[in-house]
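Take a look at the structure set out below.
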Amino acid sequence: MTQDVFFKLWKARTKLSGVESLKSYLFTVTRNTFIDHIRKRVNQQIFEELTNYPVSELPSYDKDDQELIDELITYAEGMPQRRLEVFKLRWLEGKSRKEIAEQLNISIVTVDIHIRKALEYLKEKAEKNKLLAILLLFI
């Protein structure tokens, strides 16, 4: 974090001549950097919890819901090939992030990125369909 603060100071060095109190400026930059780190850590923990949620614990669906699931899969078909592959392995086959990473020979971080982007893509597509948007809350 200290390195981040000094890097920010270095990037803003041309603007420092207008700063009245360097001590106050340094405190503010340090505080904001600390808050950014906390937010990032909390967001990462939330993402980890969501992506590690066991697929077997997801609610079961009946035949009426199958239409929504089919529509979701149709939307998913528009994603890039690798992202679609990660999506199917995670939610249709119920594989863990680690299993997906090993199977596709990619890092877990890359799997996380594909999962996040797949969810963003599907939520964007599902905005028109409220029921489908609700279904997305469970995956």
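By order of appearance in the structure tokens: chains A, B, ..., then residues from 1 within every chain, and ligands from 1 in the order shown.
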
### Task
Tell me, as number ranges by chain, which residues lie within 12 Å of Tyr25 (chain A), counting only C-alpha atoms; anything in the same chain fewer than 3 positions away does not count.
A: 5-6, 8-9, 12-13, 15-22, 28-32

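Shortest separation to Ile108 (chain A) among A:Ser96, A:Ser24, A:Gln3, A:Thr33 occurs at residue A:Ser96, atoms counted being only C-alpha atoms.
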
### Task
Could you give me, as a ChimeraX atom specification, the residues within 7 Å of Leu122 (chain A), counting only C-alpha atoms and dropping anything in the same chain fewer than 4 positions from it?
/A:75-76,118,126
